[in-house]
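A.B. asks: Input structure: data-v6.txt, which contains compact mmCIF, C-alpha atoms and all ligand atoms.
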```txt
# COMPACT_ATOMS: atom_id res chain seq x y z
CA PRO A 29 -19.64 -36.11 -61.25
CA ARG A 30 -17.33 -38.41 -59.33
CA ILE A 31 -13.86 -37.31 -58.26
CA VAL A 32 -11.11 -39.30 -56.50
CA LEU A 33 -9.04 -38.08 -53.54
CA ALA A 34 -5.36 -38.85 -54.14
CA THR A 35 -4.18 -39.17 -50.53
CA ARG A 36 -3.30 -41.98 -48.14
CA ASN A 37 -3.39 -39.73 -45.09
CA ARG A 38 -6.47 -40.58 -42.96
CA GLY A 39 -6.47 -37.21 -41.24
CA LYS A 40 -6.66 -35.50 -44.63
CA VAL A 41 -9.39 -37.80 -45.97
CA ASP A 42 -11.64 -36.95 -43.02
CA GLU A 43 -10.98 -33.20 -43.43
CA LEU A 44 -11.45 -33.24 -47.20
CA ARG A 45 -14.70 -35.21 -47.11
CA ALA A 46 -16.13 -32.60 -44.73
CA ILE A 47 -14.91 -29.67 -46.82
CA LEU A 48 -16.02 -31.16 -50.17
CA ALA A 49 -19.44 -32.23 -48.84
CA GLY A 50 -21.95 -32.27 -51.67
CA LEU A 51 -19.46 -33.66 -54.18
CA ASP A 52 -19.27 -37.39 -54.97
CA VAL A 53 -15.83 -38.16 -53.51
CA ALA A 54 -14.19 -41.59 -53.91
CA GLY A 55 -11.27 -42.78 -51.78
CA LEU A 56 -7.95 -43.95 -53.22
CA PRO A 57 -8.24 -47.50 -54.66
CA ASP A 58 -6.07 -50.14 -52.93
CA ASP A 59 -4.07 -50.81 -56.10
CA ALA A 60 -3.20 -47.13 -56.63
CA PRO A 61 0.50 -46.48 -57.33
CA GLU A 62 2.74 -45.04 -54.59
CA VAL A 63 3.89 -41.62 -55.83
CA PRO A 64 7.27 -40.36 -54.55
CA GLU A 65 7.22 -36.62 -53.72
CA THR A 66 10.31 -35.52 -55.58
CA GLU A 67 9.45 -31.91 -56.47
CA PRO A 68 10.88 -28.91 -54.57
CA THR A 69 7.48 -27.16 -54.32
CA PHE A 70 4.11 -27.98 -52.71
CA GLU A 71 2.29 -27.43 -56.02
CA GLY A 72 4.75 -29.63 -57.93
CA ASN A 73 4.22 -32.52 -55.52
CA ALA A 74 0.43 -32.11 -55.45
CA LEU A 75 0.40 -32.26 -59.26
CA LEU A 76 2.58 -35.40 -59.27
CA LYS A 77 0.09 -37.17 -56.98
CA ALA A 78 -3.05 -36.03 -58.82
CA ARG A 79 -1.68 -36.79 -62.31
CA ALA A 80 -0.70 -40.34 -61.31
CA ILE A 81 -4.10 -41.07 -59.77
CA ALA A 82 -6.07 -39.46 -62.63
CA ALA A 83 -4.12 -41.62 -65.09
CA HIS A 84 -4.63 -44.74 -62.93
CA THR A 85 -8.39 -44.31 -62.34
CA GLY A 86 -9.51 -42.34 -65.38
CA LEU A 87 -11.35 -40.03 -62.95
CA PRO A 88 -10.73 -36.36 -62.16
CA ALA A 89 -8.30 -36.45 -59.24
CA VAL A 90 -7.85 -34.02 -56.37
CA ALA A 91 -4.63 -33.96 -54.33
CA ASP A 92 -2.92 -31.69 -51.89
CA ASP A 93 0.60 -31.24 -50.67
CA SER A 94 0.98 -29.42 -47.43
CA GLY A 95 3.43 -28.71 -44.68
CA LEU A 96 4.62 -26.47 -41.90
CA CYS A 97 7.10 -23.62 -42.52
CA VAL A 98 8.85 -22.51 -39.30
CA ASP A 99 10.52 -19.09 -38.86
CA GLU A 100 13.24 -20.40 -36.53
CA LEU A 101 14.12 -23.06 -39.14
CA ASN A 102 14.07 -20.65 -42.10
CA GLY A 103 10.99 -22.31 -43.59
CA MET A 104 11.82 -25.93 -42.78
CA PRO A 105 10.42 -28.60 -42.73
CA GLY A 106 8.22 -27.24 -45.58
CA VAL A 107 7.77 -29.80 -48.36
CA LEU A 108 9.64 -32.30 -46.17
CA SER A 109 7.05 -32.09 -43.36
CA ALA A 110 5.61 -35.61 -43.79
CA ARG A 111 8.99 -37.36 -43.92
CA TRP A 112 11.20 -34.98 -41.92
CA SER A 113 12.10 -37.37 -39.09
CA GLY A 114 12.94 -40.09 -41.60
CA ARG A 115 10.64 -42.42 -39.66
CA PHE A 116 7.57 -43.62 -41.51
CA GLY A 117 4.15 -44.93 -40.43
CA ASP A 118 4.24 -48.00 -38.23
CA ALA A 119 8.05 -48.08 -38.28
CA ALA A 120 8.05 -45.19 -35.79
CA PRO A 121 6.99 -45.74 -32.15
CA GLY A 122 3.73 -43.78 -31.80
CA GLY A 123 3.64 -43.27 -35.58
CA LYS A 124 5.42 -40.92 -37.96
CA ASP A 125 3.41 -37.90 -36.76
CA ARG A 126 4.79 -38.42 -33.25
CA ALA A 127 8.36 -38.78 -34.54
CA ASN A 128 8.01 -35.56 -36.58
CA LEU A 129 6.48 -33.69 -33.63
CA ASP A 130 9.33 -34.78 -31.33
CA LEU A 131 11.89 -33.62 -33.88
CA LEU A 132 10.20 -30.20 -34.18
CA LEU A 133 10.14 -29.80 -30.37
CA ASP A 134 13.82 -30.60 -30.26
CA GLN A 135 14.77 -28.27 -33.14
CA ILE A 136 12.98 -25.22 -31.70
CA ALA A 137 13.67 -25.92 -28.01
CA ASP A 138 15.89 -22.82 -27.68
CA ALA A 139 13.91 -20.50 -29.97
CA PRO A 140 12.73 -17.27 -28.28
CA ASP A 141 9.07 -16.22 -28.60
CA GLU A 142 9.73 -13.89 -31.52
CA ARG A 143 11.21 -16.77 -33.54
CA ARG A 144 8.32 -19.21 -32.87
CA GLY A 145 6.11 -18.01 -35.72
CA ALA A 146 5.09 -20.59 -38.35
CA TYR A 147 2.54 -21.16 -41.05
CA PHE A 148 0.89 -24.14 -42.66
CA LEU A 149 0.64 -24.06 -46.44
CA CYS A 150 -1.59 -26.24 -48.59
CA SER A 151 -1.47 -26.49 -52.36
CA ALA A 152 -4.65 -28.16 -53.65
CA VAL A 153 -4.95 -29.30 -57.26
CA LEU A 154 -7.48 -30.82 -59.61
CA VAL A 155 -6.31 -32.84 -62.59
CA VAL A 156 -8.88 -33.87 -65.22
CA PRO A 157 -7.72 -36.95 -67.20
CA GLY A 158 -6.58 -35.75 -70.61
CA GLY A 159 -7.70 -32.25 -69.66
CA ALA A 160 -6.94 -29.18 -67.64
CA GLU A 161 -5.00 -28.77 -64.39
CA HIS A 162 -6.02 -26.30 -61.68
CA ALA A 163 -4.03 -25.26 -58.60
CA VAL A 164 -4.94 -23.10 -55.60
CA GLU A 165 -3.20 -22.33 -52.29
CA GLY A 166 -4.23 -21.68 -48.69
CA ARG A 167 -2.25 -20.60 -45.62
CA MET A 168 -2.76 -20.47 -41.85
CA TYR A 169 -0.39 -18.33 -39.75
CA GLY A 170 0.33 -18.87 -36.07
CA ARG A 171 2.98 -19.77 -33.50
CA LEU A 172 4.50 -22.87 -31.93
CA LEU A 173 4.17 -23.85 -28.26
CA ARG A 174 6.90 -25.33 -26.06
CA ALA A 175 4.84 -28.45 -25.22
CA PRO A 176 2.07 -30.26 -27.16
CA ARG A 177 -1.63 -29.80 -26.29
CA GLY A 178 -4.73 -31.63 -27.57
CA ASP A 179 -5.65 -34.93 -29.25
CA GLY A 180 -7.51 -33.71 -32.35
CA GLY A 181 -6.25 -33.09 -35.86
CA PHE A 182 -3.00 -34.80 -36.91
CA GLY A 183 0.65 -34.11 -37.60
CA TYR A 184 1.98 -30.91 -36.02
CA ASP A 185 -1.43 -29.72 -34.75
CA PRO A 186 -0.65 -30.20 -31.01
CA LEU A 187 2.06 -27.51 -31.18
CA PHE A 188 0.33 -24.96 -33.43
CA VAL A 189 -1.78 -22.02 -32.16
CA PRO A 190 -3.34 -19.99 -35.00
CA ASP A 191 -3.12 -16.17 -34.84
CA GLY A 192 -5.95 -14.75 -32.74
CA GLU A 193 -6.48 -18.10 -30.94
CA THR A 194 -5.50 -19.52 -27.53
CA ARG A 195 -6.14 -23.17 -28.44
CA THR A 196 -3.97 -25.39 -30.61
CA THR A 197 -5.54 -26.78 -33.79
CA ALA A 198 -5.47 -30.16 -31.98
CA GLU A 199 -7.78 -28.66 -29.32
CA MET A 200 -10.36 -27.40 -31.81
CA PRO A 201 -13.39 -29.29 -33.09
CA ALA A 202 -12.70 -30.41 -36.67
CA ALA A 203 -15.21 -27.95 -38.14
CA GLU A 204 -13.52 -25.01 -36.39
CA LYS A 205 -10.09 -26.03 -37.66
CA ASN A 206 -11.45 -26.45 -41.21
CA ALA A 207 -12.99 -22.97 -41.10
CA ILE A 208 -9.55 -21.33 -40.72
CA SER A 209 -7.04 -23.92 -41.92
CA HIS A 210 -4.73 -23.84 -44.92
CA ARG A 211 -6.45 -26.99 -46.25
CA GLY A 212 -9.93 -25.61 -45.62
CA LYS A 213 -9.11 -22.40 -47.49
CA ALA A 214 -7.45 -24.18 -50.41
CA PHE A 215 -10.20 -26.79 -50.82
CA ARG A 216 -13.05 -24.31 -50.52
CA ALA A 217 -11.40 -22.37 -53.35
CA LEU A 218 -10.99 -25.60 -55.34
CA ALA A 219 -14.60 -26.68 -54.67
CA GLU A 220 -15.77 -23.43 -56.23
CA ILE A 221 -14.04 -24.11 -59.52
CA ILE A 222 -14.74 -27.88 -59.69
CA PRO A 223 -18.25 -27.68 -61.25
CA ALA A 224 -17.05 -25.50 -64.15
CA ALA A 225 -13.84 -27.51 -64.52
CA LEU A 226 -15.80 -30.76 -64.90
CA ALA A 227 -18.64 -29.40 -67.04
P1 LIG B 301 -0.42 -37.84 -48.86
O1 LIG B 301 0.84 -37.45 -49.58
O2 LIG B 301 -0.84 -39.27 -49.12
O3 LIG B 301 -1.55 -36.87 -49.10
P2 LIG B 301 1.10 -37.08 -46.50
O4 LIG B 301 0.88 -37.17 -45.04
O5 LIG B 301 2.39 -37.61 -47.04
O6 LIG B 301 -0.16 -37.75 -47.27
P3 LIG B 301 1.96 -34.41 -47.32
O7 LIG B 301 3.06 -34.93 -48.14
O8 LIG B 301 1.10 -33.30 -47.86
O9 LIG B 301 0.90 -35.57 -46.91
O10 LIG B 301 2.57 -33.98 -45.92
C1 LIG B 301 1.88 -33.16 -45.09
C2 LIG B 301 2.51 -33.23 -43.72
O11 LIG B 301 2.53 -31.89 -43.19
C3 LIG B 301 1.65 -34.08 -42.79
O12 LIG B 301 2.08 -35.44 -42.73
C4 LIG B 301 1.84 -33.33 -41.47
O13 LIG B 301 3.04 -33.74 -40.87
C5 LIG B 301 1.97 -31.86 -41.91
N1 LIG B 301 0.64 -31.23 -41.99
C6 LIG B 301 -0.03 -30.83 -43.10
N2 LIG B 301 -1.22 -30.31 -42.80
C7 LIG B 301 -1.34 -30.38 -41.46
C8 LIG B 301 -2.36 -30.03 -40.56
O14 LIG B 301 -3.53 -29.54 -40.97
N3 LIG B 301 -2.14 -30.23 -39.27
C9 LIG B 301 -0.98 -30.77 -38.84
N4 LIG B 301 0.02 -31.16 -39.62
C10 LIG B 301 -0.15 -30.97 -40.95
```
Translate the structure described by the file into structure tokens.
Ligand code: ITT

C.D. replies:
Amino acid sequence: PRIVLATRNRGKVDELRAILAGLDVAGLPDDAPEVPETEPTFEGNALLKARAIAAHTGLPAVADDSGLCVDELNGMPGVLSARWSGRFGDAAPGGKDRANLDLLLDQIADAPDERRGAYFLCSAVLVVPGGAEHAVEGRMYGRLLRAPRGDGGFGYDPLFVPDGETRTTAEMPAAEKNAISHRGKAFRALAEIIPAALA
């Protein structure tokens, strides 16, 4: 059965295609509606995106909402991670990921080691048109460096070192990041329930 991925983020599409290998995964159609993320929770926003795309395409839709929760910032930027800097896509020099990364560096510049803990959270959902909704969650715990390292991944990866690692997630091959990441965990859990959910 065919499912559609409700995301415009290229970094995510590449990760999700690898994790959901074996399923027939379609990309977001060009005429898909833009869905504002207005909910206060990751799961609420993931459901908003998947419901809109399931209704638009008539296909089962998979979406995620994810972000970085930083100890020093009492859980911020959290659900605001993608739009924290207020600079979007091409409007930001170096892209929005760069603007967000610079803001994070600035905000935690004075944080001592014991306040540099953080975790990524991913809520992954499946919405079947006119049918059931499923939601699962994955997390990856780690700590934030004082200067970025690595060109892989996307978003905040150059600052994030997972627990038990010395490399940032931007220094890991994609498959290694997926094996331990919030998104990898959430989507492997979702992939397990997709066959029964679509049967
Ligand atoms: P869609 O809504 O179209 O899926 P988005 O980029 O807006 O794309 P989110 O609202 O889920 O996605 O925001 C997630 C943000 O959190 C993302 O832009 C990064 O800044 C950060 N993020 C999430 N997962 C990450 C990861 O694996 N590595 C680095 N940063 C990540």

A.B. asks: May I have the protein, DNA and RNA residues with any atom at most 12 Å from the point (-6.9, -20.9, -54.1), counting all atoms listed in the file, written as JSON, numbers by chain?

C.D. replies: {"A": [71, 92, 149, 150, 151, 152, 153, 154, 162, 163, 164, 165, 166, 167, 210, 211, 212, 213, 214, 215, 216, 217, 218, 219, 220, 221, 222]}

A.B. asks: Can those selected residues be exported to a file as a tab-separated table (two decimals), keeping the file's coordinate frame so that it contains C-alpha atoms?

C.D. replies:
```
chain	number	residue	atom	x	y	z
A	71	GLU	CA	2.29	-27.43	-56.02
A	92	ASP	CA	-2.92	-31.69	-51.89
A	149	LEU	CA	0.64	-24.06	-46.44
A	150	CYS	CA	-1.59	-26.24	-48.59
A	151	SER	CA	-1.47	-26.49	-52.36
A	152	ALA	CA	-4.65	-28.16	-53.65
A	153	VAL	CA	-4.95	-29.30	-57.26
A	154	LEU	CA	-7.48	-30.82	-59.61
A	162	HIS	CA	-6.02	-26.30	-61.68
A	163	ALA	CA	-4.03	-25.26	-58.60
A	164	VAL	CA	-4.94	-23.10	-55.60
A	165	GLU	CA	-3.20	-22.33	-52.29
A	166	GLY	CA	-4.23	-21.68	-48.69
A	167	ARG	CA	-2.25	-20.60	-45.62
A	210	HIS	CA	-4.73	-23.84	-44.92
A	211	ARG	CA	-6.45	-26.99	-46.25
A	212	GLY	CA	-9.93	-25.61	-45.62
A	213	LYS	CA	-9.11	-22.40	-47.49
A	214	ALA	CA	-7.45	-24.18	-50.41
A	215	PHE	CA	-10.20	-26.79	-50.82
A	216	ARG	CA	-13.05	-24.31	-50.52
A	217	ALA	CA	-11.40	-22.37	-53.35
A	218	LEU	CA	-10.99	-25.60	-55.34
A	219	ALA	CA	-14.60	-26.68	-54.67
A	220	GLU	CA	-15.77	-23.43	-56.23
A	221	ILE	CA	-14.04	-24.11	-59.52
A	222	ILE	CA	-14.74	-27.88	-59.69
```

A.B. asks: For stretch 114-129 of chain A, find every residue with an atom within 9 Å (counting all atoms listed in the file), except residues of its own chain fewer than 6 positions away, and show them as a VMD selection string.

C.D. replies: chain A and resid 176 182 to 187

A.B. asks: Ranking A:Pro68, A:Gly55, A:Gly145, A:Pro61 by minimum distance to A:Leu108 and counting all atoms listed in the file, which one comes first?

C.D. replies: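 For A:Leu108, the nearest of the given residues is A:Pro68.
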
A.B. asks: Between atom CA of A:Glu199 and atom C2 of ligand LIG 301 (chain B), what is the distance, to one decimal in Å?

C.D. replies: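 For atom CA of A:Glu199 relative to atom C2 of ligand LIG 301 (chain B), the distance reads 18.3 Å.
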
A.B. asks: From the set A:Asp59, A:Pro64, A:Leu132, A:Ser94, which residue has the shortest atom-to-atom contact distance to A:Trp112, counting all atoms listed in the file?

C.D. replies: A:Leu132

A.B. asks: Atom C2 of ligand LIG 301 (chain B) and atom CA of A:Ala139, how far apart in Å?

C.D. replies: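 Result for atom CA of A:Ala139 versus atom C2 of ligand LIG 301 (chain B): 21.9 Å, one decimal.
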
A.B. asks: When you count only C-alpha atoms and all ligand atoms, which of these residues is closest to ligand LIG 301 (chain B): A:Leu101, A:Val155, A:Ile208, A:Leu48?

C.D. replies: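 For ligand LIG 301 (chain B), the nearest of the given residues is A:Ile208.
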
A.B. asks: Expressed in Å to a single decimal, how great is the separation between atom O9 of ligand LIG 301 (chain B) and atom CA of A:Val63?

C.D. replies: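 Those two atoms sit 11.2 Å apart.
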
A.B. asks: Of the candidates A:Leu172, A:Ala54, A:Ile31, A:Ala80, which one gets nearest to A:Val98 if we count only C-alpha atoms?

C.D. replies: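 Among the listed residues, A:Leu172 lies closest to A:Val98.
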
A.B. asks: For each of A:Leu133, A:Cys97, A:Ile47, A:Val156, take the minimum atom-to-atom distance to ligand LIG 301 (chain B), counting all atoms listed in the file, then give the residue where this is smallest.

C.D. replies: A:Cys97

A.B. asks: Return as AutoDock Vina command-line options the box centre and box size in Å, one decimal, for an axis-aligned box around all listed atoms of ligand LIG 301 (chain B) padded by 3 Å per side.

C.D. replies:
```
--center_x -0.2 --center_y -34.4 --center_z -44.2 --size_x 12.6 --size_y 15.7 --size_z 16.7
```

A.B. asks: Could you list, as a VMD selection string, every residue within 9 Å of stretch 188-190 of chain A, counting all atoms listed in the file and ignoring same-chain residues fewer than 2 positions away?

C.D. replies: chain A and resid 146 to 147 168 to 173 176 to 177 184 to 186 192 to 198 208 to 209

A.B. asks: For stretch 33-35 of chain A, find every residue with an atom within 10 Å (counting only C-alpha atoms), except residues of its own chain fewer than 5 positions away, and show them as a tab-separated table (two decimals) with C-alpha atoms, keeping the file's coordinate frame.

C.D. replies:
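result_26.tsv, freshly written:
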```tsv
chain	number	residue	atom	x	y	z
A	40	LYS	CA	-6.66	-35.50	-44.63
A	41	VAL	CA	-9.39	-37.80	-45.97
A	44	LEU	CA	-11.45	-33.24	-47.20
A	45	ARG	CA	-14.70	-35.21	-47.11
A	53	VAL	CA	-15.83	-38.16	-53.51
A	54	ALA	CA	-14.19	-41.59	-53.91
A	55	GLY	CA	-11.27	-42.78	-51.78
A	56	LEU	CA	-7.95	-43.95	-53.22
A	57	PRO	CA	-8.24	-47.50	-54.66
A	60	ALA	CA	-3.20	-47.13	-56.63
A	62	GLU	CA	2.74	-45.04	-54.59
A	63	VAL	CA	3.89	-41.62	-55.83
A	74	ALA	CA	0.43	-32.11	-55.45
A	77	LYS	CA	0.09	-37.17	-56.98
A	78	ALA	CA	-3.05	-36.03	-58.82
A	79	ARG	CA	-1.68	-36.79	-62.31
A	80	ALA	CA	-0.70	-40.34	-61.31
A	81	ILE	CA	-4.10	-41.07	-59.77
A	82	ALA	CA	-6.07	-39.46	-62.63
A	87	LEU	CA	-11.35	-40.03	-62.95
A	88	PRO	CA	-10.73	-36.36	-62.16
A	89	ALA	CA	-8.30	-36.45	-59.24
A	90	VAL	CA	-7.85	-34.02	-56.37
A	91	ALA	CA	-4.63	-33.96	-54.33
A	92	ASP	CA	-2.92	-31.69	-51.89
A	93	ASP	CA	0.60	-31.24	-50.67
A	154	LEU	CA	-7.48	-30.82	-59.61
```
